[in-house]
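Structure file data_19.csv (CSV, C-alpha atoms and all ligand atoms) follows.
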chain,number,residue,atom,x,y,z
A,1,MET,CA,-3.0,-19.7,12.9
A,2,ARG,CA,0.8,-20.2,13.3
A,3,ALA,CA,0.9,-22.9,10.6
A,4,ILE,CA,-1.1,-20.7,8.2
A,5,LEU,CA,1.2,-17.7,8.9
A,6,GLU,CA,4.3,-19.9,8.3
A,7,ARG,CA,2.8,-21.1,5.0
A,8,LEU,CA,2.0,-17.5,3.8
A,9,ILE,CA,5.5,-16.2,4.7
A,10,ALA,CA,7.1,-19.1,2.8
A,11,PHE,CA,5.7,-17.7,-0.4
A,12,ASP,CA,8.1,-15.1,-1.7
A,13,THR,CA,5.5,-12.7,-2.8
A,14,THR,CA,7.9,-9.7,-3.3
A,15,SER,CA,5.8,-7.5,-5.6
A,16,ARG,CA,8.1,-8.2,-8.6
A,17,ASN,CA,7.1,-11.9,-8.4
A,18,SER,CA,3.9,-13.7,-9.2
A,19,ASN,CA,1.6,-14.2,-6.2
A,20,LEU,CA,-0.3,-17.1,-7.8
A,21,ALA,CA,1.2,-19.8,-5.7
A,22,LEU,CA,-0.1,-18.1,-2.6
A,23,ILE,CA,-3.5,-17.4,-4.1
A,24,ALA,CA,-3.9,-21.0,-5.2
A,25,TRP,CA,-3.0,-22.1,-1.7
A,26,VAL,CA,-5.7,-19.8,-0.2
A,27,GLU,CA,-8.2,-21.0,-2.8
A,28,ASP,CA,-7.6,-24.6,-1.8
A,29,PHE,CA,-7.8,-23.7,1.9
A,30,LEU,CA,-11.2,-22.1,1.3
A,31,ARG,CA,-12.4,-24.9,-1.1
A,32,GLU,CA,-11.7,-27.5,1.5
A,33,ARG,CA,-14.1,-25.7,3.7
A,34,GLY,CA,-16.7,-25.3,1.1
A,35,VAL,CA,-16.1,-21.6,0.5
A,36,ALA,CA,-16.1,-20.4,-3.1
A,37,SER,CA,-13.7,-17.6,-4.1
A,38,GLN,CA,-13.3,-15.4,-7.1
A,39,ARG,CA,-10.0,-14.5,-8.7
A,40,VAL,CA,-9.5,-11.1,-10.3
A,41,ALA,CA,-6.3,-11.4,-12.4
A,42,ASN,CA,-4.0,-8.8,-13.9
A,43,GLY,CA,-3.7,-8.3,-17.7
A,44,ASP,CA,-1.1,-11.1,-18.4
A,45,GLY,CA,-2.5,-13.5,-15.8
A,46,SER,CA,0.7,-13.6,-13.7
A,47,LYS,CA,-1.0,-12.2,-10.5
A,48,ALA,CA,-4.4,-12.2,-9.0
A,49,ASN,CA,-6.6,-10.7,-6.3
A,50,LEU,CA,-8.9,-13.1,-4.5
A,51,TYR,CA,-12.2,-12.4,-2.8
A,52,ALA,CA,-14.6,-14.7,-1.0
A,53,ARG,CA,-17.8,-14.5,1.0
A,54,ILE,CA,-18.3,-16.5,4.2
A,55,GLY,CA,-21.8,-16.4,5.5
A,56,PRO,CA,-25.2,-15.4,4.1
A,57,ASP,CA,-25.6,-13.7,0.7
A,58,VAL,CA,-27.0,-10.4,2.2
A,59,ALA,CA,-25.8,-6.8,2.1
A,60,GLY,CA,-23.9,-5.1,4.9
A,61,GLY,CA,-21.1,-7.7,5.3
A,62,ILE,CA,-17.7,-6.8,6.6
A,63,VAL,CA,-14.6,-7.0,4.4
A,64,LEU,CA,-11.3,-8.1,5.8
A,65,SER,CA,-8.9,-6.6,3.3
A,66,GLY,CA,-5.2,-7.3,2.9
A,67,HIS,CA,-2.4,-7.3,0.4
A,68,THR,CA,-0.5,-10.5,-0.4
A,69,ASP,CA,2.7,-8.8,-1.7
A,70,VAL,CA,5.7,-7.8,0.4
A,71,VAL,CA,8.6,-5.4,-0.1
A,72,PRO,CA,12.0,-6.7,-1.2
A,73,VAL,CA,14.6,-8.0,1.2
A,74,ASP,CA,17.4,-7.2,-1.3
A,75,GLY,CA,20.5,-5.7,0.4
A,76,GLN,CA,18.9,-5.8,3.9
A,77,PRO,CA,20.9,-7.3,6.7
A,78,TRP,CA,18.6,-10.1,8.0
A,79,SER,CA,19.7,-12.2,10.9
A,80,SER,CA,17.4,-15.1,9.9
A,81,ASP,CA,15.8,-16.4,6.7
A,82,PRO,CA,13.2,-13.8,5.9
A,83,TRP,CA,10.9,-16.5,4.3
A,84,VAL,CA,10.9,-18.7,7.4
A,85,VAL,CA,9.0,-17.6,10.5
A,86,THR,CA,11.4,-17.5,13.4
A,87,GLU,CA,10.4,-17.1,17.0
A,88,LYS,CA,12.6,-15.3,19.5
A,89,ALA,CA,11.7,-13.7,22.9
A,90,GLY,CA,8.0,-13.3,22.3
A,91,LYS,CA,8.3,-12.1,18.7
A,92,LEU,CA,8.0,-13.7,15.3
A,93,TYR,CA,10.4,-12.6,12.6
A,94,GLY,CA,10.0,-12.9,8.8
A,95,ARG,CA,9.2,-10.7,5.7
A,96,GLY,CA,5.6,-9.7,5.9
A,97,VAL,CA,4.8,-10.8,9.5
A,98,ALA,CA,3.8,-7.2,10.3
A,99,ASP,CA,3.0,-5.9,6.8
A,100,MET,CA,0.7,-7.8,6.5
A,101,LYS,CA,0.5,-11.5,6.3
A,102,SER,CA,-0.4,-11.9,10.0
A,103,PHE,CA,-3.7,-10.2,9.2
A,104,LEU,CA,-4.3,-12.6,6.3
A,105,ALA,CA,-3.4,-15.5,8.5
A,106,LEU,CA,-5.8,-14.4,11.3
A,107,SER,CA,-8.6,-13.9,8.7
A,108,LEU,CA,-8.0,-17.4,7.4
A,109,ALA,CA,-7.6,-18.9,10.8
A,110,HIS,CA,-11.1,-17.7,11.7
A,111,VAL,CA,-12.9,-19.1,8.7
A,112,ASP,CA,-13.9,-22.3,10.5
A,113,ALA,CA,-15.3,-20.3,13.5
A,114,ALA,CA,-17.1,-18.0,11.1
A,115,LEU,CA,-18.6,-21.0,9.2
A,116,ALA,CA,-19.7,-22.5,12.5
A,117,ALA,CA,-21.3,-19.3,13.7
A,118,PRO,CA,-24.9,-18.2,13.0
A,119,LEU,CA,-23.7,-15.2,10.9
A,120,LYS,CA,-26.5,-12.8,10.1
A,121,ARG,CA,-24.2,-10.8,7.8
A,122,PRO,CA,-21.2,-12.2,5.9
A,123,ILE,CA,-17.5,-11.8,6.3
A,124,TRP,CA,-15.7,-11.1,3.1
A,125,LEU,CA,-12.1,-11.8,2.4
A,126,ALA,CA,-10.4,-9.5,-0.1
A,127,PHE,CA,-6.7,-10.2,-0.8
A,128,SER,CA,-4.9,-8.1,-3.3
A,129,TYR,CA,-1.6,-8.0,-5.2
A,130,ASP,CA,0.9,-5.1,-6.0
A,131,GLU,CA,-0.2,-2.9,-3.0
A,132,GLU,CA,3.4,-2.1,-2.2
A,133,ILE,CA,4.1,-0.7,-5.7
A,134,GLY,CA,1.2,1.7,-5.8
A,135,CYS,CA,-2.0,-0.2,-5.0
A,136,LEU,CA,-2.1,-1.5,-8.6
A,137,GLY,CA,-4.0,-4.7,-8.0
A,138,ALA,CA,-6.9,-3.9,-5.7
A,139,PRO,CA,-8.9,-1.4,-7.9
A,140,ALA,CA,-10.2,-4.2,-10.3
A,141,MET,CA,-11.3,-6.3,-7.4
A,142,ILE,CA,-12.9,-3.4,-5.6
A,143,ASP,CA,-14.8,-2.5,-8.8
A,144,GLU,CA,-16.2,-6.0,-8.9
A,145,MET,CA,-17.1,-5.9,-5.2
A,146,ALA,CA,-18.8,-2.6,-5.6
A,147,GLN,CA,-21.1,-4.1,-8.3
A,148,LEU,CA,-22.2,-7.0,-6.1
A,149,GLY,CA,-25.9,-7.2,-5.6
A,150,GLN,CA,-25.4,-7.6,-1.8
A,151,LYS,CA,-22.6,-5.0,-1.3
A,152,PRO,CA,-20.4,-5.1,1.8
A,153,GLY,CA,-21.2,-2.4,4.4
A,154,ALA,CA,-17.7,-1.8,5.8
A,155,VAL,CA,-14.1,-2.6,5.3
A,156,ILE,CA,-11.3,-3.4,7.8
A,157,VAL,CA,-7.9,-3.0,6.0
A,158,GLY,CA,-5.5,-4.9,8.2
A,159,GLU,CA,-2.4,-2.9,7.8
A,160,PRO,CA,-0.2,-2.9,10.9
A,161,THR,CA,-1.7,-0.4,13.3
A,162,SER,CA,-1.0,-2.3,16.5
A,163,MET,CA,-4.7,-3.1,16.5
A,164,LYS,CA,-5.6,0.7,16.9
A,165,VAL,CA,-8.1,2.3,14.6
A,166,ILE,CA,-6.7,4.6,11.9
A,167,SER,CA,-9.4,6.7,10.3
A,168,ALA,CA,-7.5,8.4,7.5
A,169,HIS,CA,-4.5,7.9,5.4
A,170,LYS,CA,-2.7,10.1,2.9
A,171,GLY,CA,-3.1,9.7,-0.8
A,172,ILE,CA,0.1,8.8,-2.8
A,173,ARG,CA,1.1,9.6,-6.3
A,174,THR,CA,4.4,8.3,-7.8
A,175,PHE,CA,6.1,9.8,-10.8
A,176,TRP,CA,9.0,9.1,-13.2
A,177,VAL,CA,10.8,12.3,-14.3
A,178,GLU,CA,13.0,12.0,-17.4
A,179,VAL,CA,15.3,14.8,-18.3
A,180,ILE,CA,17.1,14.7,-21.7
A,181,GLY,CA,20.0,17.0,-22.4
A,182,ARG,CA,22.9,16.9,-24.9
A,183,GLU,CA,26.2,15.2,-24.4
A,184,ALA,CA,29.4,17.1,-24.6
A,185,HIS,CA,32.9,16.9,-23.2
A,186,SER,CA,32.8,18.2,-19.7
A,187,SER,CA,35.5,20.7,-20.5
A,188,LEU,CA,33.0,22.4,-22.8
A,189,PRO,CA,29.9,22.7,-20.6
A,190,HIS,CA,28.5,25.4,-22.9
A,191,ALA,CA,28.5,22.9,-25.8
A,192,GLY,CA,25.9,20.6,-24.2
A,193,VAL,CA,23.3,20.3,-21.6
A,194,SER,CA,23.8,18.1,-18.6
A,195,ALA,CA,20.6,16.2,-17.9
A,196,ILE,CA,21.8,15.6,-14.4
A,197,MET,CA,22.4,19.2,-13.6
A,198,GLU,CA,19.0,20.2,-15.1
A,199,ALA,CA,17.2,17.4,-13.2
A,200,GLN,CA,18.8,18.7,-10.1
A,201,LYS,CA,16.7,21.9,-10.4
A,202,LEU,CA,13.5,19.9,-10.2
A,203,MET,CA,14.9,17.8,-7.4
A,204,GLN,CA,15.6,21.0,-5.5
A,205,LEU,CA,11.9,22.0,-5.8
A,206,ILE,CA,10.9,18.5,-4.6
A,207,ALA,CA,13.2,18.8,-1.6
A,208,GLU,CA,11.6,22.2,-0.7
A,209,ILE,CA,8.1,20.8,-1.0
A,210,GLY,CA,9.2,17.9,1.1
A,211,ALA,CA,10.5,20.2,3.8
A,212,GLY,CA,7.2,22.0,4.4
A,213,PRO,CA,6.0,24.4,5.8
A,214,ARG,CA,3.3,22.3,7.5
A,215,GLU,CA,0.1,23.1,9.4
A,216,ALA,CA,-0.7,20.7,12.2
A,217,ASP,CA,-3.3,18.1,11.4
A,218,HIS,CA,-3.9,14.4,12.4
A,219,PHE,CA,-1.0,13.2,10.2
A,220,ASP,CA,2.6,12.7,11.2
A,221,PRO,CA,4.3,14.4,9.5
A,222,PRO,CA,1.5,16.9,9.0
A,223,GLY,CA,0.7,18.1,5.5
A,224,ALA,CA,2.1,16.8,2.2
A,225,SER,CA,5.5,15.4,1.7
A,226,MET,CA,7.7,14.5,-1.3
A,227,THR,CA,10.8,12.4,-1.6
A,228,ILE,CA,13.0,11.1,-4.4
A,229,GLY,CA,13.7,7.4,-4.1
A,230,MET,CA,15.5,6.5,-7.3
A,231,ILE,CA,17.9,8.1,-9.7
A,232,GLU,CA,20.0,7.2,-12.7
A,233,GLY,CA,21.9,9.1,-15.3
A,234,GLY,CA,25.1,9.7,-17.1
A,235,THR,CA,27.8,7.5,-18.5
A,236,ALA,CA,31.1,9.0,-17.3
A,237,ILE,CA,32.3,11.8,-15.0
A,238,ASN,CA,33.8,13.8,-17.9
A,239,ILE,CA,30.7,13.6,-20.2
A,240,LEU,CA,27.7,15.9,-19.8
A,241,ALA,CA,24.9,13.4,-19.2
A,242,ARG,CA,22.4,13.1,-22.0
A,243,ARG,CA,19.7,11.5,-19.8
A,244,CYS,CA,18.7,11.6,-16.1
A,245,LEU,CA,15.8,9.6,-14.8
A,246,PHE,CA,14.5,9.9,-11.2
A,247,GLY,CA,11.5,8.5,-9.4
A,248,CYS,CA,9.6,10.5,-6.7
A,249,ASP,CA,6.5,10.2,-4.6
A,250,LEU,CA,4.0,12.7,-3.3
A,251,ARG,CA,1.9,12.0,-0.2
A,252,ALA,CA,-0.9,14.4,0.5
A,253,PRO,CA,-3.6,14.6,3.1
A,254,SER,CA,-6.3,15.6,0.5
A,255,GLN,CA,-6.9,15.2,-3.2
A,256,ALA,CA,-7.0,19.0,-3.6
A,257,GLU,CA,-3.6,19.5,-2.0
A,258,GLY,CA,-2.1,16.7,-4.1
A,259,ASP,CA,-3.5,18.3,-7.2
A,260,ALA,CA,-2.0,21.6,-6.3
A,261,ILE,CA,1.5,20.2,-5.7
A,262,GLU,CA,1.4,18.1,-8.8
A,263,ALA,CA,0.4,21.2,-10.8
A,264,ARG,CA,3.4,23.1,-9.2
A,265,LEU,CA,5.8,20.3,-10.2
A,266,ARG,CA,4.4,20.1,-13.7
A,267,ALA,CA,4.7,23.9,-14.1
A,268,ALA,CA,8.3,23.9,-13.0
A,269,ALA,CA,9.0,20.9,-15.4
A,270,ALA,CA,7.3,22.8,-18.3
A,271,LYS,CA,9.5,25.8,-17.7
A,272,LEU,CA,12.6,23.6,-17.5
A,273,ASP,CA,11.6,21.8,-20.6
A,274,ALA,CA,11.4,25.1,-22.5
A,275,ASP,CA,14.8,26.2,-21.1
A,276,ILE,CA,16.4,23.0,-22.2
A,277,LYS,CA,14.8,23.0,-25.6
A,278,ALA,CA,16.2,26.5,-26.2
A,279,ARG,CA,19.7,25.1,-25.9
A,280,ALA,CA,19.1,21.5,-27.1
A,281,PRO,CA,15.9,21.1,-29.2
A,282,GLU,CA,16.1,17.3,-28.9
A,283,GLY,CA,16.1,17.6,-25.1
A,284,GLY,CA,13.4,18.3,-22.6
A,285,VAL,CA,11.5,17.1,-19.5
A,286,LYS,CA,8.8,14.4,-19.4
A,287,ILE,CA,6.8,13.6,-16.3
A,288,THR,CA,5.0,10.3,-16.1
A,289,ARG,CA,2.6,9.6,-13.3
A,290,ARG,CA,3.1,6.0,-12.5
A,291,SER,CA,0.5,5.5,-9.8
A,292,MET,CA,-2.2,7.3,-7.9
A,293,THR,CA,-3.8,6.0,-4.8
A,294,PRO,CA,-6.6,8.1,-3.2
A,295,GLY,CA,-6.3,9.0,0.4
A,296,LEU,CA,-8.8,7.8,3.1
A,297,GLU,CA,-10.7,10.8,4.3
A,298,MET,CA,-12.0,11.1,7.9
A,299,ALA,CA,-15.5,9.8,8.2
A,300,PRO,CA,-16.2,9.6,11.9
A,301,GLU,CA,-19.9,8.6,11.4
A,302,SER,CA,-19.1,5.7,9.0
A,303,ALA,CA,-20.1,2.1,9.6
A,304,ALA,CA,-16.4,1.1,9.5
A,305,GLU,CA,-15.6,3.6,12.2
A,306,SER,CA,-18.4,2.5,14.6
A,307,LEU,CA,-17.6,-1.2,14.0
A,308,ALA,CA,-13.9,-0.9,14.5
A,309,ARG,CA,-14.4,1.4,17.6
A,310,ALA,CA,-16.8,-1.2,19.1
A,311,LEU,CA,-14.5,-4.1,18.4
A,312,THR,CA,-11.3,-2.5,19.7
A,313,GLY,CA,-12.6,-0.1,22.4
A,314,ASP,CA,-10.2,2.4,20.8
A,315,ASN,CA,-11.6,5.9,20.6
A,316,GLU,CA,-8.6,8.0,19.6
A,317,ILE,CA,-8.5,9.8,16.3
A,318,ARG,CA,-5.4,8.8,14.3
A,319,ALA,CA,-4.2,9.2,10.7
A,320,ALA,CA,-1.5,7.4,8.8
A,321,ALA,CA,1.1,9.1,6.6
A,322,TYR,CA,1.5,6.0,4.5
A,323,ALA,CA,-1.0,5.0,1.8
A,324,ALA,CA,-3.2,2.0,1.8
A,325,GLU,CA,-6.2,0.4,0.0
A,326,ALA,CA,-8.8,1.9,2.3
A,327,GLY,CA,-9.2,5.1,0.2
A,328,LEU,CA,-10.0,2.9,-2.8
A,329,PHE,CA,-12.8,1.1,-0.9
A,330,GLN,CA,-14.1,4.4,0.5
A,331,ARG,CA,-14.3,5.9,-3.0
A,332,ALA,CA,-16.2,2.8,-4.2
A,333,GLY,CA,-18.8,3.4,-1.5
A,334,MET,CA,-17.5,1.0,1.1
A,335,PRO,CA,-16.5,2.9,4.2
A,336,ALA,CA,-13.1,1.7,5.5
A,337,VAL,CA,-10.7,2.0,8.4
A,338,LEU,CA,-7.2,0.6,9.0
A,339,CYS,CA,-6.8,-1.8,11.9
A,340,GLY,CA,-4.4,-4.8,12.0
A,341,PRO,CA,-1.8,-6.5,14.1
A,342,GLY,CA,1.9,-5.4,14.3
A,343,SER,CA,3.5,-2.0,13.9
A,344,ILE,CA,4.3,0.0,10.8
A,345,GLU,CA,7.6,0.7,12.5
A,346,GLN,CA,8.7,-2.8,11.7
A,347,ALA,CA,7.3,-2.9,8.2
A,348,HIS,CA,9.8,-2.8,5.3
A,349,GLN,CA,12.7,-3.3,7.8
A,350,PRO,CA,15.3,-6.0,7.9
A,351,ASP,CA,14.3,-8.4,10.7
A,352,GLU,CA,10.7,-7.4,10.4
A,353,TRP,CA,8.9,-8.7,13.5
A,354,ILE,CA,5.5,-8.9,15.2
A,355,GLU,CA,4.8,-9.5,18.9
A,356,LEU,CA,2.9,-12.7,19.7
A,357,SER,CA,0.7,-10.6,21.9
A,358,GLN,CA,-0.4,-8.7,18.8
A,359,LEU,CA,-1.6,-12.0,17.2
A,360,ASP,CA,-3.6,-12.7,20.4
A,361,GLU,CA,-5.2,-9.3,20.2
A,362,GLY,CA,-5.9,-9.8,16.5
A,363,ALA,CA,-7.5,-13.2,17.3
A,364,ARG,CA,-9.8,-11.5,19.9
A,365,PHE,CA,-10.7,-8.9,17.3
A,366,MET,CA,-11.8,-11.6,14.9
A,367,GLN,CA,-13.8,-13.5,17.5
A,368,ARG,CA,-15.6,-10.3,18.5
A,369,LEU,CA,-16.3,-9.6,14.8
A,370,ILE,CA,-17.9,-13.1,14.4
A,371,THR,CA,-20.0,-12.6,17.6
A,372,HIS,CA,-21.0,-9.1,16.4
A,373,LEU,CA,-22.1,-10.4,13.0
A,374,SER,CA,-24.0,-13.3,14.6
A,375,ALA,CA,-26.1,-11.0,16.8
A,401,ZN,ZN,1.0,-3.0,3.9

Show me the file's structure as structure tokens.
Ligand SMILES: [Zn+2]
Amino acid sequence: MRAILERLIAFDTTSRNSNLALIAWVEDFLRERGVASQRVANGDGSKANLYARIGPDVAGGIVLSGHTDVVPVDGQPWSSDPWVVTEKAGKLYGRGVADMKSFLALSLAHVDAALAAPLKRPIWLAFSYDEEIGCLGAPAMIDEMAQLGQKPGAVIVGEPTSMKVISAHKGIRTFWVEVIGREAHSSLPHAGVSAIMEAQKLMQLIAEIGAGPREADHFDPPGASMTIGMIEGGTAINILARRCLFGCDLRAPSQAEGDAIEARLRAAAAKLDADIKARAPEGGVKITRRSMTPGLEMAPESAAESLARALTGDNEIRAAAYAAEAGLFQRAGMPAVLCGPGSIEQAHQPDEWIELSQLDEGARFMQRLITHLSA
């Protein structure tokens, strides 16, 4: 398991990079064991999902799902090489040890045990790309898996949950908002339209939505949230900016709430667009939805719930504020939960770590799964 994890971490699969070297390594790993796998590549062939079945070709198998990409380490103060697994005081450090290559490593480390076991139903591996930039890779693979004659019956998405069961996650939509104004000398503000100062009006609305009010639910924070993560605009302090571009995200507990907030944002943008055009006809506001990942809705009676509860002994109801691929599986008719080693608290951080005890717990989970599917 440790050697597999070290190998996976060594591939710099930051989402902007190709993940094909990692995928090829996993293909070889499986091929050496007689396991066939299917690639589902992106448009230009630079990235791929991979799925594989271990065990009999019957319905009702269990999918172990994980993403192969990781978030960037740029600008983060790491005390060790992020691409080399480093052990210190009962913890392993490295980019992706929590989110979520330890789950991939655990899945692969149990392939031999699964092959040796008298599985009555199969274990599926489903490894995706571009999860961290809006779950862009998984949908094509999930579409294929949903068409399988012997469709899987439940999905464990191994995001870092400290091996607790998470039954719901928010949906996420990301947007680019481009505001175009008209340049002018800043001593003559009436002669132009500052795209930055106009964009700020929409950003104000986003900040208000982001601040609530919120009704209590299973999510922390409860309700929907919005943040602005990127901005650029202007060329000089004394020039009214012609263009301002910012990127924002919307995380909502339900599709309906997400739709309502998006409509509110678009209505405000349309009004601002008209205001700007009245002063600078060439200007305006354009909103582009860059990604949309459905949320995972609570399904307490689902096959994924009962399986994960049985394997972990965990019976608390939890919901995650971050988005994951579980909602995509659920919408394709494959019930899903989140359950994986490590904590989301360490995900995306410099010096990302996972406790060795989490890997032990993950290994016990995999062994129980194999036993369960052999019964
Ligand atoms: Zn993740």

Handout entry: Within-9 Å residues of ligand ZN 401 (chain A), basis all atoms listed in the file, as a PyMOL selection string
Key = chain A and resi 66-71+96+98-101+131-132+158-160+323-325+344+347-348

Could those residues be written to a file, using C-alpha atoms, as an mmCIF file, in the frame of the given file?
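Full text of again_17.cif as output:
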data_model
loop_
_atom_site.group_PDB
_atom_site.id
_atom_site.type_symbol
_atom_site.label_atom_id
_atom_site.label_comp_id
_atom_site.auth_asym_id
_atom_site.auth_seq_id
_atom_site.Cartn_x
_atom_site.Cartn_y
_atom_site.Cartn_z
ATOM 1 C CA GLY A 66 -5.200 -7.300 2.900
ATOM 2 C CA HIS A 67 -2.400 -7.300 0.400
ATOM 3 C CA THR A 68 -0.500 -10.500 -0.400
ATOM 4 C CA ASP A 69 2.700 -8.800 -1.700
ATOM 5 C CA VAL A 70 5.700 -7.800 0.400
ATOM 6 C CA VAL A 71 8.600 -5.400 -0.100
ATOM 7 C CA GLY A 96 5.600 -9.700 5.900
ATOM 8 C CA ALA A 98 3.800 -7.200 10.300
ATOM 9 C CA ASP A 99 3.000 -5.900 6.800
ATOM 10 C CA MET A 100 0.700 -7.800 6.500
ATOM 11 C CA LYS A 101 0.500 -11.500 6.300
ATOM 12 C CA GLU A 131 -0.200 -2.900 -3.000
ATOM 13 C CA GLU A 132 3.400 -2.100 -2.200
ATOM 14 C CA GLY A 158 -5.500 -4.900 8.200
ATOM 15 C CA GLU A 159 -2.400 -2.900 7.800
ATOM 16 C CA PRO A 160 -0.200 -2.900 10.900
ATOM 17 C CA ALA A 323 -1.000 5.000 1.800
ATOM 18 C CA ALA A 324 -3.200 2.000 1.800
ATOM 19 C CA GLU A 325 -6.200 0.400 0.000
ATOM 20 C CA ILE A 344 4.300 0.000 10.800
ATOM 21 C CA ALA A 347 7.300 -2.900 8.200
ATOM 22 C CA HIS A 348 9.800 -2.800 5.300
#

Exercise for the section: Fewer than 4 positions away in the same chain doesn't count, so skip those; otherwise give me all residues within 10 Å of A:Gly284, counting only C-alpha atoms, as a PyMOL selection string. Expected result: chain A and resi 178-182+195+198+243+269-280

Could those selected residues go to a file with C-alpha atoms, as a compact mmCIF listing (two decimals), in the frame of the given file?
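Output file out-v7.txt is given in full below:
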# COMPACT_ATOMS: atom_id res chain seq x y z
CA GLU A 178 13.00 12.00 -17.40
CA VAL A 179 15.30 14.80 -18.30
CA ILE A 180 17.10 14.70 -21.70
CA GLY A 181 20.00 17.00 -22.40
CA ARG A 182 22.90 16.90 -24.90
CA ALA A 195 20.60 16.20 -17.90
CA GLU A 198 19.00 20.20 -15.10
CA ARG A 243 19.70 11.50 -19.80
CA ALA A 269 9.00 20.90 -15.40
CA ALA A 270 7.30 22.80 -18.30
CA LYS A 271 9.50 25.80 -17.70
CA LEU A 272 12.60 23.60 -17.50
CA ASP A 273 11.60 21.80 -20.60
CA ALA A 274 11.40 25.10 -22.50
CA ASP A 275 14.80 26.20 -21.10
CA ILE A 276 16.40 23.00 -22.20
CA LYS A 277 14.80 23.00 -25.60
CA ALA A 278 16.20 26.50 -26.20
CA ARG A 279 19.70 25.10 -25.90
CA ALA A 280 19.10 21.50 -27.10

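Closest approach to A:Arg121 among A:Arg289, A:Lys170, A:Arg53, A:Arg95: A:Arg53, based on only C-alpha atoms.
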
Handout entry: For A:Ala207: contacts at 12 Å, only C-alpha atoms, fewer than 2 positions along chain excluded, given as an MDAnalysis selection string
Key = chainID A and resid 200:205 209:213 224:229 248:250 265

Practice task
Using only C-alpha atoms, give me every residue within 8 Å of (-9.3, 4.1, 3.6) in file coordinates, as a VMD selection string.
Solution key: chain A and resid 157 167 to 169 295 to 297 324 to 330 335 to 338

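The smallest atom-to-atom distance between A:Ala146 and any of A:Arg368, A:Arg331, A:Arg264, A:Lys91, using only C-alpha atoms, is found for A:Arg331.
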
Exercise for the section: Considering only C-alpha atoms, return as a PyMOL selection string whatever protein or nucleic-acid residues lie within 7 Å of A:Ala375, sequence-local ones (same chain, fewer than 3 positions apart) excluded. Expected result: chain A and resi 120+371-372

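Across A:Met141, A:Met292, A:Ala332, A:Ile9, the tightest approach to A:Phe103 is made by A:Ile9 when counting all atoms listed in the file.
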
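Among the candidate residues A:Phe11, A:Phe219, A:Phe175, A:Trp353, the one lying nearest to A:Ser79 is A:Trp353, with distances computed using all atoms listed in the file.
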
Handout entry: Nearest candidate to A:Arg251 (options A:Ala320, A:His190, A:Gly153, A:Glu305; using all atoms listed in the file)
Key = A:Ala320

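Residues surrounding A:Leu115 within 10 Å are A:Arg33, A:Gly34, A:Val35, A:Ile54, A:Gly55, A:His110, A:Pro122, A:Ile123, A:Ile370 [all atoms listed in the file; sequence separation below 5 positions excluded].
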
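Candidate residues A:His185, A:Thr14, A:Val97, A:Glu27 were compared for distance to A:Asp74, and the nearest is A:Thr14, using all atoms listed in the file.
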
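For A:Leu108, the non-local neighbours within 9 Å, defined as residues at least 4 positions apart in the same chain or in other chains and counting all atoms listed in the file, are Met1, Ile4, Val26, Phe29, Leu30, Phe103, Leu104, Asp112 and Leu125 of chain A.
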
Practice task
May I ask for the distance between atom CA of A:Pro82 and atom CA of A:Leu5, given in Å to one decimal place?
Solution key: 13.0 Å

Exercise for the section: Find the residues with any atom within 10 Å of (-19.6, -2.0, 1.4); use only C-alpha atoms and the coordinates as given in the file, and write the answer as a list in words. Expected result: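 Residues close enough to count: Ala59, Gly60, Gly61, Ile62, Val63, Ile142, Met145, Ala146, Leu148, Gln150, Lys151, Pro152, Gly153, Ala154, Val155, Ala303, Ala304, Phe329, Gln330, Ala332, Gly333, Met334, Pro335 and Ala336 of chain A.
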
Exercise for the section: State, in Å with one decimal place, the distance from atom CA of A:Ile206 to atom CA of A:Glu262. Expected result: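 Atom CA of A:Glu262 lies 10.4 Å from atom CA of A:Ile206.
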
Completion exercise
Correct to one decimal, the distance atom CA of A:Leu20-atom CA of A:Asp360 is 28.7 Å
